[in-house]
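Dropping coords.tsv in here (TSV, C-alpha atoms):
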```
chain	number	residue	atom	x	y	z
Y	1385	MET	CA	33.61	-6.50	-18.72
Y	1386	PRO	CA	32.96	-2.74	-18.33
Y	1387	ARG	CA	34.73	-0.34	-20.62
Y	1388	PRO	CA	37.52	1.70	-19.04
Y	1389	ARG	CA	36.65	5.32	-18.35
Y	1390	THR	CA	39.49	6.39	-20.63
Y	1391	ALA	CA	37.89	4.71	-23.68
Y	1392	PRO	CA	36.84	7.34	-26.26
Y	1393	ASP	CA	33.32	5.86	-26.51
Y	1394	HIS	CA	32.76	5.82	-22.73
Y	1395	PRO	CA	30.15	8.44	-21.76
Y	1396	ASP	CA	32.42	9.80	-19.00
Y	1397	SER	CA	35.67	9.61	-20.95
Y	1398	PRO	CA	37.75	12.81	-20.98
Y	1399	ALA	CA	38.44	12.09	-24.65
Y	1400	ARG	CA	34.71	12.05	-25.39
Y	1401	ALA	CA	34.19	15.26	-23.43
Y	1402	ILE	CA	36.94	16.94	-25.48
Y	1403	ALA	CA	35.40	15.66	-28.74
Y	1404	ILE	CA	31.97	17.00	-27.75
Y	1405	ALA	CA	33.46	20.39	-26.90
Y	1406	MET	CA	35.33	20.42	-30.23
Y	1407	ALA	CA	32.09	19.64	-32.08
Y	1408	GLY	CA	30.50	22.68	-30.44
Y	1409	ALA	CA	33.42	24.85	-31.49
Y	1410	LEU	CA	33.18	23.55	-35.07
Y	1411	ARG	CA	29.46	24.42	-35.13
Y	1412	ARG	CA	30.09	27.99	-34.04
Y	1413	ARG	CA	33.48	28.93	-35.45
Y	1414	GLY	CA	34.67	26.26	-37.87
Y	1415	TYR	CA	37.96	24.41	-37.73
Y	1416	HIS	CA	40.37	27.33	-37.82
Y	1417	GLY	CA	38.31	29.31	-35.31
Y	1418	ALA	CA	38.28	26.48	-32.77
Y	1419	ALA	CA	40.87	27.31	-30.10
Y	1420	LEU	CA	42.17	24.30	-28.18
Y	1421	ASN	CA	42.38	26.21	-24.89
Y	1422	ASP	CA	38.66	27.01	-25.16
Y	1423	VAL	CA	37.86	23.42	-26.13
Y	1424	VAL	CA	39.68	21.99	-23.09
Y	1425	ALA	CA	38.10	24.56	-20.77
Y	1426	GLU	CA	34.60	23.83	-22.09
Y	1427	SER	CA	35.11	20.07	-21.87
Y	1428	GLY	CA	36.02	20.18	-18.19
Y	1429	ALA	CA	38.75	17.62	-18.86
Y	1430	PRO	CA	42.12	17.98	-17.10
Y	1431	ARG	CA	44.36	20.24	-19.12
Y	1432	GLY	CA	47.12	17.66	-19.30
Y	1433	SER	CA	44.74	15.09	-20.81
Y	1434	LEU	CA	44.56	16.83	-24.19
Y	1435	TYR	CA	47.76	15.44	-25.69
Y	1436	HIS	CA	47.51	12.28	-23.61
Y	1437	HIS	CA	44.32	11.30	-25.45
Y	1438	PHE	CA	45.13	13.09	-28.71
Y	1439	PRO	CA	48.90	13.05	-29.26
Y	1440	GLU	CA	48.40	14.21	-32.88
Y	1441	GLY	CA	46.87	17.45	-31.56
Y	1442	LYS	CA	44.09	19.48	-33.11
Y	1443	ASP	CA	43.78	17.31	-36.22
Y	1444	ALA	CA	43.03	14.25	-34.08
Y	1445	ILE	CA	40.54	16.17	-31.94
Y	1446	GLY	CA	38.77	17.43	-35.06
Y	1447	ALA	CA	38.58	13.88	-36.41
Y	1448	ALA	CA	37.13	12.59	-33.12
Y	1449	ALA	CA	34.49	15.33	-33.09
Y	1450	VAL	CA	33.50	14.67	-36.70
Y	1451	ARG	CA	33.20	10.92	-36.10
Y	1452	LEU	CA	31.10	11.52	-32.98
Y	1453	VAL	CA	28.65	13.71	-34.88
Y	1454	GLY	CA	28.77	11.55	-37.99
Y	1455	VAL	CA	27.74	8.40	-36.14
Y	1456	GLY	CA	24.85	10.20	-34.45
Y	1457	VAL	CA	23.47	11.54	-37.73
Y	1458	THR	CA	23.85	8.16	-39.45
Y	1459	ARG	CA	21.81	6.51	-36.70
Y	1460	ALA	CA	19.13	9.18	-37.03
Y	1461	LEU	CA	18.91	8.59	-40.79
Y	1462	ALA	CA	18.58	4.82	-40.45
Y	1463	PRO	CA	15.05	3.45	-41.03
Y	1464	ARG	CA	13.18	2.70	-37.80
Y	1465	GLY	CA	10.88	-0.28	-37.45
Y	1466	SER	CA	9.84	-2.60	-40.23
Y	1467	VAL	CA	8.72	0.15	-42.62
Y	1468	ALA	CA	11.10	2.81	-43.86
Y	1469	PRO	CA	9.77	6.30	-44.59
Y	1470	GLY	CA	9.53	7.48	-48.14
Y	1471	GLY	CA	12.01	9.96	-49.57
Y	1472	ARG	CA	9.76	12.99	-49.13
Y	1473	GLU	CA	9.00	12.04	-45.53
Y	1474	ALA	CA	12.69	11.54	-44.74
Y	1475	ILE	CA	13.62	14.93	-46.18
Y	1476	GLY	CA	10.80	16.54	-44.23
Y	1477	VAL	CA	12.04	15.06	-40.96
Y	1478	ILE	CA	15.64	16.13	-41.59
Y	1479	ALA	CA	14.65	19.66	-42.63
Y	1480	SER	CA	12.40	20.01	-39.58
Y	1481	GLN	CA	15.19	18.93	-37.21
Y	1482	LEU	CA	17.68	21.28	-38.87
Y	1483	SER	CA	15.20	24.16	-38.68
Y	1484	GLU	CA	14.57	23.58	-34.96
Y	1485	TRP	CA	18.30	23.42	-34.28
Y	1486	LEU	CA	18.98	26.63	-36.23
Y	1487	GLN	CA	16.25	28.53	-34.43
Y	1488	ARG	CA	17.30	27.19	-31.04
Y	1489	SER	CA	20.88	28.40	-31.62
Y	1490	GLY	CA	19.73	31.80	-32.88
Y	1491	PHE	CA	21.16	30.88	-36.31
Y	1492	ASP	CA	24.65	31.01	-34.81
Y	1493	GLU	CA	25.55	27.33	-35.30
Y	1494	GLY	CA	26.16	25.31	-38.44
Y	1495	CYS	CA	26.99	21.69	-39.15
Y	1496	PRO	CA	30.21	20.67	-37.36
Y	1497	VAL	CA	31.18	18.27	-40.16
Y	1498	VAL	CA	30.91	21.05	-42.75
Y	1499	GLY	CA	32.70	23.40	-40.34
Y	1500	ALA	CA	35.57	20.93	-40.23
Y	1501	ALA	CA	35.50	20.21	-43.97
Y	1502	MET	CA	35.76	23.91	-44.85
Y	1503	GLY	CA	39.04	24.11	-42.93
Y	1504	LEU	CA	40.71	21.06	-44.46
Y	1505	GLY	CA	44.27	21.35	-45.69
Y	1506	PRO	CA	47.55	19.41	-45.92
Y	1507	GLU	CA	47.87	19.57	-42.13
Y	1508	THR	CA	44.50	17.88	-41.46
Y	1509	PRO	CA	44.69	14.33	-42.90
Y	1510	LEU	CA	42.86	12.78	-39.95
Y	1511	THR	CA	40.00	15.25	-40.04
Y	1512	ARG	CA	39.75	14.90	-43.82
Y	1513	GLU	CA	39.40	11.14	-43.50
Y	1514	ALA	CA	36.74	11.50	-40.80
Y	1515	CYS	CA	34.76	13.98	-42.93
Y	1516	ALA	CA	34.85	11.63	-45.91
Y	1517	GLU	CA	33.64	8.77	-43.72
Y	1518	ALA	CA	30.80	10.84	-42.28
Y	1519	PHE	CA	29.54	12.10	-45.63
Y	1520	GLY	CA	29.84	8.61	-47.09
Y	1521	ALA	CA	27.85	7.06	-44.24
Y	1522	TRP	CA	25.13	9.72	-44.51
Y	1523	THR	CA	24.89	9.15	-48.25
Y	1524	ASP	CA	24.59	5.38	-47.83
Y	1525	ALA	CA	21.97	5.69	-45.08
Y	1526	LEU	CA	19.82	8.16	-47.02
Y	1527	ALA	CA	20.19	6.17	-50.25
Y	1528	ALA	CA	18.90	3.11	-48.39
Y	1529	VAL	CA	15.83	5.10	-47.31
Y	1530	TYR	CA	15.27	6.21	-50.91
Y	1531	ARG	CA	15.53	2.66	-52.25
Y	1532	GLU	CA	13.09	1.43	-49.62
Y	1533	GLY	CA	10.76	4.23	-50.71
Y	1534	GLY	CA	10.80	3.15	-54.35
Y	1535	VAL	CA	13.65	5.11	-55.96
Y	1536	GLU	CA	15.63	3.16	-58.55
Y	1537	ALA	CA	18.86	1.74	-57.17
Y	1538	SER	CA	20.93	3.52	-59.83
Y	1539	ARG	CA	19.55	6.91	-58.75
Y	1540	ALA	CA	19.45	6.43	-54.98
Y	1541	VAL	CA	23.07	7.37	-54.23
Y	1542	PRO	CA	23.23	10.41	-56.58
Y	1543	LEU	CA	19.94	11.71	-55.16
Y	1544	ALA	CA	21.19	11.16	-51.62
Y	1545	ARG	CA	24.35	13.17	-52.37
Y	1546	LEU	CA	22.28	15.93	-53.94
Y	1547	SER	CA	19.98	15.99	-50.91
Y	1548	ILE	CA	22.84	16.27	-48.43
Y	1549	ALA	CA	24.54	19.01	-50.45
Y	1550	ALA	CA	21.28	20.95	-50.77
Y	1551	LEU	CA	20.36	20.65	-47.09
Y	1552	GLU	CA	23.85	21.62	-45.92
Y	1553	GLY	CA	23.77	24.58	-48.29
Y	1554	ALA	CA	20.38	25.56	-46.90
Y	1555	VAL	CA	21.90	25.65	-43.41
Y	1556	GLY	CA	24.40	28.25	-44.61
Y	1557	LEU	CA	21.68	30.32	-46.28
Y	1558	CYS	CA	19.52	30.18	-43.17
Y	1559	ARG	CA	22.39	31.37	-40.99
Y	1560	ALA	CA	23.19	34.26	-43.32
Y	1561	GLN	CA	19.56	35.34	-43.73
Y	1562	ARG	CA	18.55	34.42	-40.15
Y	1563	SER	CA	15.48	32.71	-41.51
Y	1564	ILE	CA	14.37	29.11	-42.04
Y	1565	GLU	CA	12.68	29.99	-45.32
Y	1566	PRO	CA	15.61	28.68	-47.45
Y	1567	MET	CA	15.31	25.33	-45.63
Y	1568	ARG	CA	11.58	25.17	-46.36
Y	1569	GLN	CA	12.11	25.89	-50.04
Y	1570	VAL	CA	14.97	23.39	-50.43
Y	1571	ALA	CA	12.99	20.67	-48.65
Y	1572	ALA	CA	9.96	21.31	-50.87
Y	1573	GLU	CA	11.99	21.10	-54.08
Y	1574	LEU	CA	13.81	17.96	-52.94
Y	1575	GLY	CA	10.46	16.40	-52.09
Y	1576	ALA	CA	9.10	17.20	-55.54
Y	1577	LEU	CA	12.24	15.76	-57.13
Y	1578	LEU	CA	11.87	12.53	-55.16
Y	1579	ASP	CA	8.17	12.30	-56.01
Y	1580	GLY	CA	9.15	12.48	-59.66
Y	1581	ALA	CA	11.74	9.74	-59.20
Y	1582	HIS	CA	9.09	7.52	-57.62
Y	1583	ALA	CA	6.56	8.29	-60.37
Y	1584	ARG	CA	8.99	7.44	-63.16
Y	1585	ARG	CA	9.70	4.07	-61.61
Y	1586	ALA	CA	6.01	3.33	-61.00
Y	1587	ALA	CA	4.89	4.30	-64.53
Y	1588	PRO	CA	4.41	1.22	-66.77
Y	1589	PRO	CA	6.51	1.13	-69.94
Y	1590	ALA	CA	4.76	2.17	-73.14
Y	1591	SER	CA	3.66	-0.87	-75.16
Y	1592	PRO	CA	5.14	-1.07	-78.67
Y	1593	SER	CA	2.81	-0.89	-81.66
Y	1594	SER	CA	1.51	-4.29	-82.72
Y	1595	PRO	CA	2.74	-5.39	-86.15
Y	1596	SER	CA	-0.80	-6.42	-87.03
Y	1597	SER	CA	-2.37	-3.07	-86.19
Y	1598	PRO	CA	-4.29	-1.37	-88.98
Y	1599	SER	CA	-2.07	1.67	-88.87
Y	1600	SER	CA	0.97	-0.43	-89.80
Y	1601	THR	CA	-0.64	-2.79	-92.35
Y	1602	ALA	CA	-3.23	-0.65	-94.14
Y	1603	PRO	CA	-2.46	-0.52	-97.88
Y	1604	THR	CA	-1.65	2.81	-99.38
Y	1605	ALA	CA	-3.53	4.17	-102.35
Y	1606	PRO	CA	-1.63	3.90	-105.63
Y	1607	THR	CA	-0.35	7.14	-107.00
Y	1608	ALA	CA	-1.09	8.30	-110.50
Y	1609	PRO	CA	1.86	8.10	-112.87
Y	1610	SER	CA	3.50	11.39	-113.46
Y	1611	ALA	CA	3.21	13.18	-116.78
Y	1612	ALA	CA	6.76	12.33	-117.63
Y	1613	ARG	CA	6.06	8.58	-117.36
Y	1614	ARG	CA	2.70	8.43	-119.24
Y	1615	PRO	CA	2.85	6.55	-122.62
Y	1616	ARG	CA	2.50	8.66	-125.76
Y	1617	ARG	CA	-0.68	8.29	-127.84
Y	1618	ALA	CA	-0.23	6.89	-131.34
Y	1619	ARG	CA	-0.78	9.37	-134.13
```
As structure tokens, the full file:
Amino acid sequence: MPRPRTAPDHPDSPARAIAIAMAGALRRRGYHGAALNDVVAESGAPRGSLYHHFPEGKDAIGAAAVRLVGVGVTRALAPRGSVAPGGREAIGVIASQLSEWLQRSGFDEGCPVVGAAMGLGPETPLTREACAEAFGAWTDALAAVYREGGVEASRAVPLARLSIAALEGAVGLCRAQRSIEPMRQVAAELGALLDGAHARRAAPPASPSSPSSPSSTAPTAPTAPSAARRPRRAR
């Protein structure tokens, strides 16, 4: 049975068109800078469809945009084929894609999920929940890549969070400096960090000293008695 055109996940759904337009606004201007009139106009959806599809208003539209982007990024992070890339390779791919996107936009667009997260407040519970879901899914997907690449399970999630925070921060630095050099440096340092995590897991544990080794069983030379303990000579 085909999905109805009004379904949010239908490619021709007005709700999807509005979410895509909102994601573009979040990239360029952030949550508070995204004007609903501009979003509806850019989406091409009928003006009256805004509150029909999103009765909760801007908060619901922001949540839909974040989920749309979040799912796309999660799919891109998922391992492809039977062999997952190592941590360094995964970071290199992500940094390269971010760099191309920044240059293509003239350094005028950031991450729409971060753009939404920076505008969170008491009036945005739906968008807050969507941001948490997106960041959580990215962390889980990247942690899975790290584990497949040899990172210890206990370190995979913290390293994935660190990687996402560093890469998102690099996007902001690149936009401010209008250069991809911060992204290159962050990617290189993350790669070195992940190489170290792999090396520590691969290194064999140091073998304990054998109890029968000469260093532990060799007798020690007797010490001469001190002057205070020597017997007195008979007179």
Which residue of Y:Ala1418, Y:Leu1546, Y:Ala1540, Y:Ala1449 approaches Y:Ala1399 most closely, using all atoms listed in the file: Y:Ala1449
field: All residues 10 Å or closer to Y:Gln1487, only C-alpha atoms, same chain fewer than 2 positions away omitted, as a list in words
entry: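 Result of the neighbour search: Leu1482, Ser1483, Glu1484, Trp1485, Ser1489, Gly1490, Phe1491, Asp1492, Glu1493, Cys1558, Arg1559, Arg1562, Ser1563 and Ile1564 of chain Y.
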Shell around stretch 1497-1510 of chain Y at 6 Å using all atoms listed in the file, local window under 3 positions removed, as a ChimeraX atom specification: /Y:1410,1414-1415,1443,1447,1450,1513
query: atom CA of Y:Arg1459 and atom CA of Y:Ala1560 are how many Å apart?
result: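 Atom-to-atom, atom CA of Y:Arg1459 and atom CA of Y:Ala1560 are spaced 28.6 Å apart.
Of note, atom CA of Y:Val1457 and atom CA of Y:Ala1518 are spaced 8.7 Å apart.
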